[in-house]
Amino acid sequence: MHCKVVKVTDVASPFIAELKSQVAALPTAPLLVAFLSNEDPAAVKYAEWTEKTCAEVGIRFQLRQCPRTELEDQLVEANNDPDVHGIMVYYPVFGGTQDGYLQNTVDYRKDVEGLCHKYRYSMYHNIRFLDKEETRKCIIPCTPLALVKILEHIGVYNRILTYGNRLHGRTITIINRSEVVGRPLAALLANDGAKVYSVDVDGIMEFHRGEGLKLRKHEVFETSITLPEALARSDVVITGVPTSTYKVDTSLLKDGVVAINFSTAKNFNDDIKEKASIYVPSVGKVTVAMLQRNLLRLYEYQKGGL
């Protein structure tokens with residue numbers, strides 16, 4: 001068996017070390033404020049884990065619990081508080097479009113999750129910087145960014161190619177098209193040059209920049225391709241189905257595939273190691289490191305007058 005199982009700690013460690021060094025050099029540690037307005041035990045556990053990992057790198061963390069009917073006012077208050085450098089919310093709160101409204105209530109200057117309209121629009125339109133001078137990068141949602149960093153770490157990104165085109169020639173299937181991870185990830189990878197098959201219960205869509213990357217940003221196309229056909233063509237398969245009953249059929253995968261699972265459930269069968277060249281079973285620690293990285297970036301922007 002020649003499969004390399006990549007430990008997420010190995011990917012996260014250099015980022016964590018860099019964060020510790022950067023925070024230690026600051027006159028004041030950045031403050032991340034997280035809002036919890038639901039009773040989801042998983043959200044409470046995630047909050048506790050976030051607090052622990054923030055403490056490890058020297059970031060201040062505050063969990064503020066409030067009724068969901070008061071959340072909007074508390075977000076506005078945090079937006080206007082100069083001592084707060086980053087804001088995050090544990091969703092769902094109300095669900096649906098009302099949660100989308102709350103995401104847009106968070107000031108983009110403090111949006112560590114990259115979920116407000118300004119950052120989402122920029123991501124989908126392949127706008128990578130906030131300023132014309134290209135000195136301030138846009139904030140990217142944490143889990144999609146974590147997956148990009150993992151793909152860079154394992155060499156899926158081709159560093160010989162020009163920045164922004166380094167996935168040219170790669171075919172990637174993502175089994176998840178949620179607004180939080182799957183669709184943003186498909187857009188990011190397609191903007192970087194990949195041909196992406198985006199899969200959910202409603203079918204498959206293609207994300208890419210056209211033949212020879214002639215398009216400036218990715219476009220979305222209807223397709224008649226089936227899931228078995230998409231899997232057979234894919235150099236990379238990324239799964240994020242939140243149920244342990246869903247499993248990818250290993251026999252459908254390309255020999256030597258790169259397999260990555262970002263769901264809390266295990267979407268690949270145990271025999272994946274017999275087919276894959278690289279297997280990444282989880283991404284959580286890298287996601288938290290990207291959250292902290294986004295916070296530090298926003299802290300620097302704020303101190304620079306953003």
# chains A, B, ... in the order shown; residues from 1 in each chain; ligands from 1
>>> residues_around(residues="Ala78 of chain A", least_positions_apart="2", cutoff="12 Å", atoms="only C-alpha atoms", output="JSON, numbers by chain")
{"A": [31, 32, 33, 34, 35, 62, 64, 71, 72, 73, 74, 75, 76, 80, 81, 82, 83, 84, 85, 86, 87, 88, 89, 105, 106, 107, 109, 110, 111]}
>>> residues_around(residues="segment 149-163 of chain A", least_positions_apart="5", cutoff="9 Å", atoms="only C-alpha atoms", output="list of chain:residue names")
A:Val6, A:Val8, A:Val11, A:Ala12, A:Pro144, A:His168, A:Arg170, A:Asp192, A:Asp235, A:Val236, A:Val258, A:Ile278, A:Val280, A:Val283, A:Val286
>>> write_last_selection(atoms="C-alpha atoms", output="PDB file, in the first residue's frame")
ATOM      1  CA  VAL A   6      -1.533  13.347   5.547  1.00  0.00           C
ATOM      2  CA  VAL A   8      -3.760  17.757   9.367  1.00  0.00           C
ATOM      3  CA  VAL A  11      -0.275  21.167   7.528  1.00  0.00           C
ATOM      4  CA  ALA A  12      -1.409  23.436  10.365  1.00  0.00           C
ATOM      5  CA  PRO A 144     -12.440  26.652   1.763  1.00  0.00           C
ATOM      6  CA  HIS A 168      -4.592  24.479 -14.736  1.00  0.00           C
ATOM      7  CA  ARG A 170      -6.414  19.577 -12.733  1.00  0.00           C
ATOM      8  CA  ASP A 192      -7.185  29.064  -9.862  1.00  0.00           C
ATOM      9  CA  ASP A 235      -7.353  13.924  -9.985  1.00  0.00           C
ATOM     10  CA  VAL A 236      -8.773  15.108  -6.654  1.00  0.00           C
ATOM     11  CA  VAL A 258      -6.030  12.563  -4.013  1.00  0.00           C
ATOM     12  CA  ILE A 278      -2.773  10.810  -0.884  1.00  0.00           C
ATOM     13  CA  VAL A 280      -6.435  13.628   4.017  1.00  0.00           C
ATOM     14  CA  VAL A 283      -9.150  19.488   7.954  1.00  0.00           C
ATOM     15  CA  VAL A 286      -6.171  24.050   9.423  1.00  0.00           C
TER      16      VAL A 286
END
>>> select_by_dssp(residues="segment 18-249 of chain A", states="strand (DSSP E or B)", output="PyMOL selection string")
chain A and resi 31-36+60-65+86-90+111+129+137+171-175+195-200+203-208+219-222+236-239+248
>>> residues_around(residues="segment 212-228 of chain A", least_positions_apart="5", cutoff="6 Å", atoms="only C-alpha atoms", output="list in words")
His125, Asn126, Ala190, Asn191, Met205, Glu206, Phe207 and Leu252 of chain A
>>> select_by_dssp(residues="segment 145-201 of chain A", states="alpha helix (DSSP H)", output="list in words")
Leu145, Ala146, Leu147, Val148, Lys149, Ile150, Leu151, Glu152, His153, Gly182, Arg183, Pro184, Leu185, Ala186, Ala187, Leu188, Leu189, Ala190 and Asn191 of chain A
>>> write_last_selection(atoms="N, CA, C and O atoms", output="PDB file, in the first residue's frame")
ATOM      1  N   LEU A 145     -10.581  28.084   2.453  1.00  0.00           N
ATOM      2  CA  LEU A 145      -9.179  28.509   2.465  1.00  0.00           C
ATOM      3  C   LEU A 145      -8.286  27.404   3.012  1.00  0.00           C
ATOM      4  O   LEU A 145      -7.182  27.160   2.492  1.00  0.00           O
ATOM      5  N   ALA A 146      -8.750  26.712   4.052  1.00  0.00           N
ATOM      6  CA  ALA A 146      -7.981  25.599   4.617  1.00  0.00           C
ATOM      7  C   ALA A 146      -7.747  24.519   3.573  1.00  0.00           C
ATOM      8  O   ALA A 146      -6.647  23.954   3.471  1.00  0.00           O
ATOM      9  N   LEU A 147      -8.761  24.224   2.785  1.00  0.00           N
ATOM     10  CA  LEU A 147      -8.624  23.198   1.746  1.00  0.00           C
ATOM     11  C   LEU A 147      -7.652  23.632   0.655  1.00  0.00           C
ATOM     12  O   LEU A 147      -6.880  22.820   0.137  1.00  0.00           O
ATOM     13  N   VAL A 148      -7.655  24.916   0.319  1.00  0.00           N
ATOM     14  CA  VAL A 148      -6.666  25.437  -0.632  1.00  0.00           C
ATOM     15  C   VAL A 148      -5.255  25.240  -0.088  1.00  0.00           C
ATOM     16  O   VAL A 148      -4.344  24.778  -0.804  1.00  0.00           O
ATOM     17  N   LYS A 149      -5.057  25.563   1.194  1.00  0.00           N
ATOM     18  CA  LYS A 149      -3.730  25.422   1.800  1.00  0.00           C
ATOM     19  C   LYS A 149      -3.291  23.958   1.859  1.00  0.00           C
ATOM     20  O   LYS A 149      -2.096  23.640   1.701  1.00  0.00           O
ATOM     21  N   ILE A 150      -4.230  23.060   2.085  1.00  0.00           N
ATOM     22  CA  ILE A 150      -3.907  21.626   2.085  1.00  0.00           C
ATOM     23  C   ILE A 150      -3.499  21.181   0.689  1.00  0.00           C
ATOM     24  O   ILE A 150      -2.515  20.454   0.512  1.00  0.00           O
ATOM     25  N   LEU A 151      -4.229  21.636  -0.319  1.00  0.00           N
ATOM     26  CA  LEU A 151      -3.883  21.283  -1.708  1.00  0.00           C
ATOM     27  C   LEU A 151      -2.518  21.842  -2.093  1.00  0.00           C
ATOM     28  O   LEU A 151      -1.761  21.205  -2.835  1.00  0.00           O
ATOM     29  N   GLU A 152      -2.192  23.024  -1.594  1.00  0.00           N
ATOM     30  CA  GLU A 152      -0.851  23.574  -1.831  1.00  0.00           C
ATOM     31  C   GLU A 152       0.196  22.721  -1.128  1.00  0.00           C
ATOM     32  O   GLU A 152       1.252  22.406  -1.712  1.00  0.00           O
ATOM     33  N   HIS A 153      -0.068  22.331   0.101  1.00  0.00           N
ATOM     34  CA  HIS A 153       0.877  21.553   0.907  1.00  0.00           C
ATOM     35  C   HIS A 153       1.219  20.225   0.245  1.00  0.00           C
ATOM     36  O   HIS A 153       2.389  19.802   0.265  1.00  0.00           O
ATOM     37  N   GLY A 182     -18.900  24.205   0.092  1.00  0.00           N
ATOM     38  CA  GLY A 182     -18.815  23.571  -1.223  1.00  0.00           C
ATOM     39  C   GLY A 182     -18.779  24.519  -2.399  1.00  0.00           C
ATOM     40  O   GLY A 182     -17.898  24.420  -3.265  1.00  0.00           O
ATOM     41  N   ARG A 183     -19.742  25.442  -2.481  1.00  0.00           N
ATOM     42  CA  ARG A 183     -19.764  26.354  -3.629  1.00  0.00           C
ATOM     43  C   ARG A 183     -18.613  27.351  -3.589  1.00  0.00           C
ATOM     44  O   ARG A 183     -17.964  27.585  -4.627  1.00  0.00           O
ATOM     45  N   PRO A 184     -18.296  27.955  -2.410  1.00  0.00           N
ATOM     46  CA  PRO A 184     -17.109  28.820  -2.390  1.00  0.00           C
ATOM     47  C   PRO A 184     -15.827  28.086  -2.794  1.00  0.00           C
ATOM     48  O   PRO A 184     -15.004  28.638  -3.521  1.00  0.00           O
ATOM     49  N   LEU A 185     -15.671  26.850  -2.337  1.00  0.00           N
ATOM     50  CA  LEU A 185     -14.479  26.083  -2.679  1.00  0.00           C
ATOM     51  C   LEU A 185     -14.415  25.818  -4.178  1.00  0.00           C
ATOM     52  O   LEU A 185     -13.343  25.960  -4.797  1.00  0.00           O
ATOM     53  N   ALA A 186     -15.542  25.461  -4.776  1.00  0.00           N
ATOM     54  CA  ALA A 186     -15.575  25.226  -6.222  1.00  0.00           C
ATOM     55  C   ALA A 186     -15.154  26.481  -6.977  1.00  0.00           C
ATOM     56  O   ALA A 186     -14.382  26.411  -7.949  1.00  0.00           O
ATOM     57  N   ALA A 187     -15.633  27.637  -6.519  1.00  0.00           N
ATOM     58  CA  ALA A 187     -15.275  28.901  -7.165  1.00  0.00           C
ATOM     59  C   ALA A 187     -13.784  29.198  -7.027  1.00  0.00           C
ATOM     60  O   ALA A 187     -13.119  29.588  -7.996  1.00  0.00           O
ATOM     61  N   LEU A 188     -13.247  29.014  -5.828  1.00  0.00           N
ATOM     62  CA  LEU A 188     -11.826  29.287  -5.590  1.00  0.00           C
ATOM     63  C   LEU A 188     -10.936  28.419  -6.474  1.00  0.00           C
ATOM     64  O   LEU A 188      -9.979  28.899  -7.095  1.00  0.00           O
ATOM     65  N   LEU A 189     -11.251  27.117  -6.518  1.00  0.00           N
ATOM     66  CA  LEU A 189     -10.405  26.191  -7.283  1.00  0.00           C
ATOM     67  C   LEU A 189     -10.549  26.432  -8.784  1.00  0.00           C
ATOM     68  O   LEU A 189      -9.567  26.345  -9.533  1.00  0.00           O
ATOM     69  N   ALA A 190     -11.758  26.746  -9.224  1.00  0.00           N
ATOM     70  CA  ALA A 190     -11.959  27.052 -10.642  1.00  0.00           C
ATOM     71  C   ALA A 190     -11.267  28.360 -11.023  1.00  0.00           C
ATOM     72  O   ALA A 190     -10.672  28.475 -12.101  1.00  0.00           O
ATOM     73  N   ASN A 191     -11.323  29.346 -10.139  1.00  0.00           N
ATOM     74  CA  ASN A 191     -10.618  30.608 -10.406  1.00  0.00           C
ATOM     75  C   ASN A 191      -9.115  30.405 -10.490  1.00  0.00           C
ATOM     76  O   ASN A 191      -8.409  31.162 -11.163  1.00  0.00           O
TER      77      ASN A 191
END
>>> closest_residue(among="A:Tyr301, A:Thr239, A:Ala42, A:Pro92", to="Asp131 of chain A", atoms="only C-alpha atoms")
A:Tyr301
>>> closest_residue(among="A:Glu70, A:Glu211, A:Glu113, A:Glu133", to="Leu298 of chain A", atoms="only C-alpha atoms")
A:Glu113
>>> atom_distance(atom1="atom CA of Ala289 of chain A", atom2="atom CA of Arg136 of chain A")
19.1 Å
>>> residues_around(residues="Thr53 of chain A", least_positions_apart="2", cutoff="12 Å", atoms="only C-alpha atoms", output="short mmCIF file (atom, residue, chain, number, x, y, z; two decimals) with all heavy atoms, in the first residue's frame")
data_model
loop_
_atom_site.label_atom_id
_atom_site.label_comp_id
_atom_site.auth_asym_id
_atom_site.auth_seq_id
_atom_site.Cartn_x
_atom_site.Cartn_y
_atom_site.Cartn_z
N ALA A 12 -1.09 22.28 9.52
CA ALA A 12 -1.41 23.44 10.37
C ALA A 12 -0.20 23.99 11.10
O ALA A 12 -0.12 25.21 11.35
CB ALA A 12 -2.49 23.06 11.38
N SER A 13 0.75 23.13 11.46
CA SER A 13 1.87 23.53 12.34
C SER A 13 2.65 24.76 11.87
O SER A 13 2.91 25.67 12.67
CB SER A 13 2.83 22.35 12.54
OG SER A 13 2.19 21.36 13.31
N ILE A 16 0.57 27.84 12.53
CA ILE A 16 0.45 28.11 13.96
C ILE A 16 1.73 28.77 14.49
O ILE A 16 1.69 29.74 15.25
CB ILE A 16 0.13 26.82 14.73
CG1 ILE A 16 -1.27 26.32 14.35
CG2 ILE A 16 0.22 27.04 16.24
CD1 ILE A 16 -1.60 24.93 14.86
N LEU A 19 1.81 32.32 13.31
CA LEU A 19 0.84 33.12 14.05
C LEU A 19 1.39 33.50 15.43
O LEU A 19 1.28 34.66 15.86
CB LEU A 19 -0.47 32.35 14.20
CG LEU A 19 -1.36 32.29 12.96
CD1 LEU A 19 -2.39 31.17 13.09
CD2 LEU A 19 -2.06 33.63 12.73
N LYS A 20 1.97 32.53 16.14
CA LYS A 20 2.54 32.79 17.46
C LYS A 20 3.59 33.89 17.39
O LYS A 20 3.61 34.81 18.22
CB LYS A 20 3.17 31.52 18.03
CG LYS A 20 2.18 30.49 18.52
CD LYS A 20 2.92 29.28 19.09
CE LYS A 20 1.95 28.24 19.63
NZ LYS A 20 2.65 27.04 20.14
N LEU A 32 -10.79 38.43 19.29
CA LEU A 32 -11.83 37.79 18.49
C LEU A 32 -13.06 37.58 19.36
O LEU A 32 -12.97 36.98 20.43
CB LEU A 32 -11.32 36.43 17.97
CG LEU A 32 -12.35 35.54 17.26
CD1 LEU A 32 -12.91 36.23 16.01
CD2 LEU A 32 -11.73 34.19 16.89
N TYR A 46 -17.26 23.61 19.58
CA TYR A 46 -16.40 24.33 18.65
C TYR A 46 -15.90 25.63 19.27
O TYR A 46 -14.73 26.01 19.10
CB TYR A 46 -17.15 24.60 17.34
CG TYR A 46 -16.33 25.28 16.27
CD1 TYR A 46 -15.01 24.92 16.02
CD2 TYR A 46 -16.89 26.29 15.48
CE1 TYR A 46 -14.26 25.55 15.04
CE2 TYR A 46 -16.14 26.92 14.50
CZ TYR A 46 -14.83 26.55 14.28
OH TYR A 46 -14.10 27.17 13.30
N ALA A 47 -16.79 26.30 20.03
CA ALA A 47 -16.40 27.54 20.70
C ALA A 47 -15.31 27.29 21.72
O ALA A 47 -14.33 28.05 21.82
CB ALA A 47 -17.62 28.18 21.38
N GLU A 48 -15.45 26.22 22.48
CA GLU A 48 -14.44 25.87 23.48
C GLU A 48 -13.11 25.55 22.81
O GLU A 48 -12.04 25.95 23.30
CB GLU A 48 -14.92 24.67 24.30
CG GLU A 48 -16.12 25.00 25.20
CD GLU A 48 -16.73 23.77 25.84
OE1 GLU A 48 -16.34 22.64 25.45
OE2 GLU A 48 -17.59 23.92 26.73
N TRP A 49 -13.17 24.85 21.70
CA TRP A 49 -11.95 24.49 20.97
C TRP A 49 -11.30 25.73 20.37
O TRP A 49 -10.07 25.89 20.41
CB TRP A 49 -12.31 23.47 19.88
CG TRP A 49 -11.12 22.92 19.14
CD1 TRP A 49 -9.91 22.57 19.67
CD2 TRP A 49 -11.03 22.66 17.73
NE1 TRP A 49 -9.06 22.09 18.68
CE2 TRP A 49 -9.74 22.14 17.49
CE3 TRP A 49 -11.92 22.79 16.67
CZ2 TRP A 49 -9.32 21.76 16.22
CZ3 TRP A 49 -11.49 22.41 15.41
CH2 TRP A 49 -10.21 21.91 15.18
N THR A 50 -12.12 26.64 19.84
CA THR A 50 -11.59 27.88 19.27
C THR A 50 -10.88 28.71 20.34
O THR A 50 -9.80 29.26 20.12
CB THR A 50 -12.72 28.70 18.63
OG1 THR A 50 -13.42 27.90 17.68
CG2 THR A 50 -12.15 29.93 17.92
N GLU A 51 -11.51 28.78 21.53
CA GLU A 51 -10.90 29.53 22.63
C GLU A 51 -9.55 28.94 23.01
O GLU A 51 -8.57 29.66 23.23
CB GLU A 51 -11.84 29.52 23.84
CG GLU A 51 -11.30 30.31 25.02
CD GLU A 51 -12.29 30.41 26.17
OE1 GLU A 51 -13.23 29.60 26.21
OE2 GLU A 51 -12.11 31.30 27.03
N ALA A 55 -5.85 30.79 22.56
CA ALA A 55 -4.95 30.99 23.70
C ALA A 55 -3.55 30.47 23.39
O ALA A 55 -2.54 31.05 23.81
CB ALA A 55 -5.52 30.30 24.93
N GLU A 56 -3.48 29.39 22.64
CA GLU A 56 -2.18 28.78 22.32
C GLU A 56 -1.29 29.68 21.47
O GLU A 56 -0.07 29.61 21.55
CB GLU A 56 -2.40 27.44 21.60
CG GLU A 56 -2.94 26.34 22.52
CD GLU A 56 -3.32 25.08 21.76
OE1 GLU A 56 -3.25 25.10 20.50
OE2 GLU A 56 -3.69 24.09 22.42
N VAL A 57 -1.92 30.55 20.65
CA VAL A 57 -1.12 31.44 19.81
C VAL A 57 -1.09 32.87 20.35
O VAL A 57 -0.46 33.74 19.75
CB VAL A 57 -1.63 31.44 18.33
CG1 VAL A 57 -1.53 30.07 17.73
CG2 VAL A 57 -3.05 31.98 18.23
N GLY A 58 -1.79 33.11 21.47
CA GLY A 58 -1.75 34.43 22.10
C GLY A 58 -2.86 35.37 21.71
O GLY A 58 -2.84 36.56 22.03
N ILE A 59 -3.88 34.85 21.00
CA ILE A 59 -5.02 35.67 20.60
C ILE A 59 -6.05 35.68 21.72
O ILE A 59 -6.33 34.66 22.34
CB ILE A 59 -5.66 35.10 19.30
CG1 ILE A 59 -4.73 35.37 18.11
CG2 ILE A 59 -7.04 35.70 19.05
CD1 ILE A 59 -5.15 34.66 16.84
N ARG A 60 -6.62 36.86 21.99
CA ARG A 60 -7.68 36.96 22.98
C ARG A 60 -9.01 36.53 22.35
O ARG A 60 -9.31 36.89 21.21
CB ARG A 60 -7.80 38.40 23.50
CG ARG A 60 -6.59 38.87 24.31
CD ARG A 60 -6.77 40.31 24.76
NE ARG A 60 -6.75 41.23 23.62
CZ ARG A 60 -7.42 42.37 23.57
NH1 ARG A 60 -8.20 42.73 24.59
NH2 ARG A 60 -7.33 43.15 22.52
N PHE A 61 -9.78 35.76 23.10
CA PHE A 61 -11.05 35.23 22.60
C PHE A 61 -12.14 35.48 23.62
O PHE A 61 -11.95 35.30 24.82
CB PHE A 61 -10.93 33.72 22.34
CG PHE A 61 -12.20 33.07 21.88
CD1 PHE A 61 -12.56 33.06 20.54
CD2 PHE A 61 -13.06 32.46 22.79
CE1 PHE A 61 -13.74 32.46 20.11
CE2 PHE A 61 -14.23 31.86 22.38
CZ PHE A 61 -14.58 31.86 21.03
N GLY A 284 -9.93 20.09 10.21
CA GLY A 284 -10.33 21.02 11.27
C GLY A 284 -9.26 21.96 11.78
O GLY A 284 -9.50 23.17 11.93
N LYS A 285 -8.07 21.45 12.08
CA LYS A 285 -7.03 22.29 12.66
C LYS A 285 -6.55 23.37 11.69
O LYS A 285 -6.17 24.46 12.11
CB LYS A 285 -5.86 21.42 13.12
CG LYS A 285 -6.18 20.57 14.35
CD LYS A 285 -4.98 19.80 14.85
CE LYS A 285 -5.34 18.99 16.09
NZ LYS A 285 -4.20 18.21 16.60
N VAL A 286 -6.57 23.05 10.41
CA VAL A 286 -6.17 24.05 9.42
C VAL A 286 -7.25 25.13 9.32
O VAL A 286 -6.95 26.31 9.15
CB VAL A 286 -5.89 23.41 8.05
CG1 VAL A 286 -5.37 24.45 7.07
CG2 VAL A 286 -4.89 22.28 8.18
N THR A 287 -8.51 24.73 9.43
CA THR A 287 -9.61 25.69 9.40
C THR A 287 -9.47 26.73 10.51
O THR A 287 -9.60 27.94 10.27
CB THR A 287 -10.97 24.97 9.53
OG1 THR A 287 -11.17 24.14 8.38
CG2 THR A 287 -12.11 25.97 9.62
N VAL A 288 -9.18 26.28 11.72
CA VAL A 288 -9.01 27.21 12.85
C VAL A 288 -7.79 28.11 12.64
O VAL A 288 -7.83 29.30 12.93
CB VAL A 288 -8.91 26.45 14.18
CG1 VAL A 288 -8.60 27.41 15.33
CG2 VAL A 288 -10.21 25.71 14.47
N ALA A 289 -6.72 27.55 12.09
CA ALA A 289 -5.53 28.36 11.80
C ALA A 289 -5.84 29.45 10.77
O ALA A 289 -5.35 30.57 10.87
CB ALA A 289 -4.39 27.47 11.30
N MET A 290 -6.71 29.12 9.79
CA MET A 290 -7.09 30.12 8.79
C MET A 290 -7.98 31.21 9.40
O MET A 290 -7.89 32.38 9.03
CB MET A 290 -7.81 29.46 7.61
CG MET A 290 -6.93 28.52 6.79
SD MET A 290 -5.43 29.32 6.14
CE MET A 290 -4.17 28.64 7.24
N LEU A 291 -8.83 30.81 10.35
CA LEU A 291 -9.64 31.79 11.08
C LEU A 291 -8.73 32.78 11.80
O LEU A 291 -8.94 34.01 11.73
CB LEU A 291 -10.53 31.06 12.09
CG LEU A 291 -11.38 31.93 13.02
CD1 LEU A 291 -12.58 32.49 12.28
CD2 LEU A 291 -11.84 31.13 14.24
N GLN A 292 -7.72 32.27 12.48
CA GLN A 292 -6.79 33.13 13.21
C GLN A 292 -5.96 33.98 12.25
O GLN A 292 -5.67 35.16 12.53
CB GLN A 292 -5.89 32.25 14.08
CG GLN A 292 -6.65 31.51 15.17
CD GLN A 292 -5.85 30.40 15.81
OE1 GLN A 292 -4.84 29.94 15.26
NE2 GLN A 292 -6.30 29.93 16.96
#
>>> residues_around(residues="segment 245-251 of chain A", least_positions_apart="3", cutoff="8 Å", atoms="only C-alpha atoms", output="list in words")
Val241, Lys266, Asn267, Phe268, Asn269, Asp271, Ile272 and Lys275 of chain A
>>> atom_distance(atom1="atom CA of Pro14 of chain A", atom2="atom CA of Arg293 of chain A")
11.8 Å
>>> atom_distance(atom1="atom CA of Leu231 of chain A", atom2="atom CA of Ala276 of chain A")
12.3 Å
>>> closest_residue(among="A:Lys52, A:Ile174, A:Val180, A:Gln22", to="Gly100 of chain A", atoms="only C-alpha atoms")
A:Val180
>>> closest_residue(among="A:Ile139, A:Asn261, A:Gly305, A:Glu300", to="Lys7 of chain A", atoms="only C-alpha atoms")
A:Asn261
>>> decode(residues="segment 205-212 of chain A", atoms="all heavy atoms", output="PDB file, in the first residue's frame")
ATOM      1  N   MET A 205     -22.827  20.420 -11.407  1.00  0.00           N
ATOM      2  CA  MET A 205     -22.532  21.621 -12.187  1.00  0.00           C
ATOM      3  C   MET A 205     -21.022  21.660 -12.441  1.00  0.00           C
ATOM      4  O   MET A 205     -20.243  21.158 -11.638  1.00  0.00           O
ATOM      5  CB  MET A 205     -22.948  22.886 -11.436  1.00  0.00           C
ATOM      6  CG  MET A 205     -24.388  22.919 -10.958  1.00  0.00           C
ATOM      7  SD  MET A 205     -25.583  23.086 -12.279  1.00  0.00           S
ATOM      8  CE  MET A 205     -25.345  24.791 -12.762  1.00  0.00           C
ATOM      9  N   GLU A 206     -20.637  22.276 -13.557  1.00  0.00           N
ATOM     10  CA  GLU A 206     -19.218  22.455 -13.861  1.00  0.00           C
ATOM     11  C   GLU A 206     -18.814  23.902 -13.587  1.00  0.00           C
ATOM     12  O   GLU A 206     -19.514  24.832 -13.984  1.00  0.00           O
ATOM     13  CB  GLU A 206     -18.929  22.127 -15.326  1.00  0.00           C
ATOM     14  CG  GLU A 206     -18.999  20.659 -15.669  1.00  0.00           C
ATOM     15  CD  GLU A 206     -18.562  20.378 -17.101  1.00  0.00           C
ATOM     16  OE1 GLU A 206     -17.913  21.273 -17.722  1.00  0.00           O
ATOM     17  OE2 GLU A 206     -18.877  19.289 -17.600  1.00  0.00           O
ATOM     18  N   PHE A 207     -17.682  24.062 -12.915  1.00  0.00           N
ATOM     19  CA  PHE A 207     -17.097  25.380 -12.660  1.00  0.00           C
ATOM     20  C   PHE A 207     -15.731  25.401 -13.360  1.00  0.00           C
ATOM     21  O   PHE A 207     -14.886  24.556 -13.077  1.00  0.00           O
ATOM     22  CB  PHE A 207     -16.861  25.614 -11.167  1.00  0.00           C
ATOM     23  CG  PHE A 207     -18.090  25.818 -10.318  1.00  0.00           C
ATOM     24  CD1 PHE A 207     -19.131  24.908 -10.313  1.00  0.00           C
ATOM     25  CD2 PHE A 207     -18.180  26.930  -9.487  1.00  0.00           C
ATOM     26  CE1 PHE A 207     -20.248  25.096  -9.506  1.00  0.00           C
ATOM     27  CE2 PHE A 207     -19.292  27.135  -8.676  1.00  0.00           C
ATOM     28  CZ  PHE A 207     -20.336  26.217  -8.686  1.00  0.00           C
ATOM     29  N   HIS A 208     -15.499  26.342 -14.251  1.00  0.00           N
ATOM     30  CA  HIS A 208     -14.155  26.471 -14.847  1.00  0.00           C
ATOM     31  C   HIS A 208     -14.036  27.787 -15.600  1.00  0.00           C
ATOM     32  O   HIS A 208     -15.022  28.518 -15.758  1.00  0.00           O
ATOM     33  CB  HIS A 208     -13.815  25.280 -15.754  1.00  0.00           C
ATOM     34  CG  HIS A 208     -14.789  25.039 -16.874  1.00  0.00           C
ATOM     35  ND1 HIS A 208     -14.799  25.777 -18.016  1.00  0.00           N
ATOM     36  CD2 HIS A 208     -15.788  24.127 -17.003  1.00  0.00           C
ATOM     37  CE1 HIS A 208     -15.731  25.329 -18.831  1.00  0.00           C
ATOM     38  NE2 HIS A 208     -16.365  24.337 -18.235  1.00  0.00           N
ATOM     39  N   ARG A 209     -12.824  28.076 -16.057  1.00  0.00           N
ATOM     40  CA  ARG A 209     -12.530  29.330 -16.760  1.00  0.00           C
ATOM     41  C   ARG A 209     -12.390  29.142 -18.262  1.00  0.00           C
ATOM     42  O   ARG A 209     -11.820  29.988 -18.955  1.00  0.00           O
ATOM     43  CB  ARG A 209     -11.252  29.970 -16.189  1.00  0.00           C
ATOM     44  CG  ARG A 209     -11.468  30.635 -14.838  1.00  0.00           C
ATOM     45  CD  ARG A 209     -10.166  31.030 -14.171  1.00  0.00           C
ATOM     46  NE  ARG A 209      -9.295  31.788 -15.043  1.00  0.00           N
ATOM     47  CZ  ARG A 209      -7.983  31.940 -14.868  1.00  0.00           C
ATOM     48  NH1 ARG A 209      -7.400  31.392 -13.805  1.00  0.00           N
ATOM     49  NH2 ARG A 209      -7.263  32.629 -15.705  1.00  0.00           N
ATOM     50  N   GLY A 210     -12.931  28.050 -18.766  1.00  0.00           N
ATOM     51  CA  GLY A 210     -12.904  27.819 -20.201  1.00  0.00           C
ATOM     52  C   GLY A 210     -11.598  27.211 -20.682  1.00  0.00           C
ATOM     53  O   GLY A 210     -10.614  27.123 -19.951  1.00  0.00           O
ATOM     54  N   GLU A 211     -11.603  26.802 -21.934  1.00  0.00           N
ATOM     55  CA  GLU A 211     -10.410  26.191 -22.533  1.00  0.00           C
ATOM     56  C   GLU A 211      -9.261  27.192 -22.567  1.00  0.00           C
ATOM     57  O   GLU A 211      -9.429  28.344 -22.984  1.00  0.00           O
ATOM     58  CB  GLU A 211     -10.730  25.718 -23.956  1.00  0.00           C
ATOM     59  CG  GLU A 211      -9.603  24.951 -24.620  1.00  0.00           C
ATOM     60  CD  GLU A 211      -9.984  24.417 -25.991  1.00  0.00           C
ATOM     61  OE1 GLU A 211     -11.188  24.430 -26.320  1.00  0.00           O
ATOM     62  OE2 GLU A 211      -9.069  23.993 -26.722  1.00  0.00           O
ATOM     63  N   GLY A 212      -8.094  26.763 -22.084  1.00  0.00           N
ATOM     64  CA  GLY A 212      -6.935  27.645 -22.060  1.00  0.00           C
ATOM     65  C   GLY A 212      -7.048  28.778 -21.058  1.00  0.00           C
ATOM     66  O   GLY A 212      -6.293  29.752 -21.135  1.00  0.00           O
TER      67      GLY A 212
END
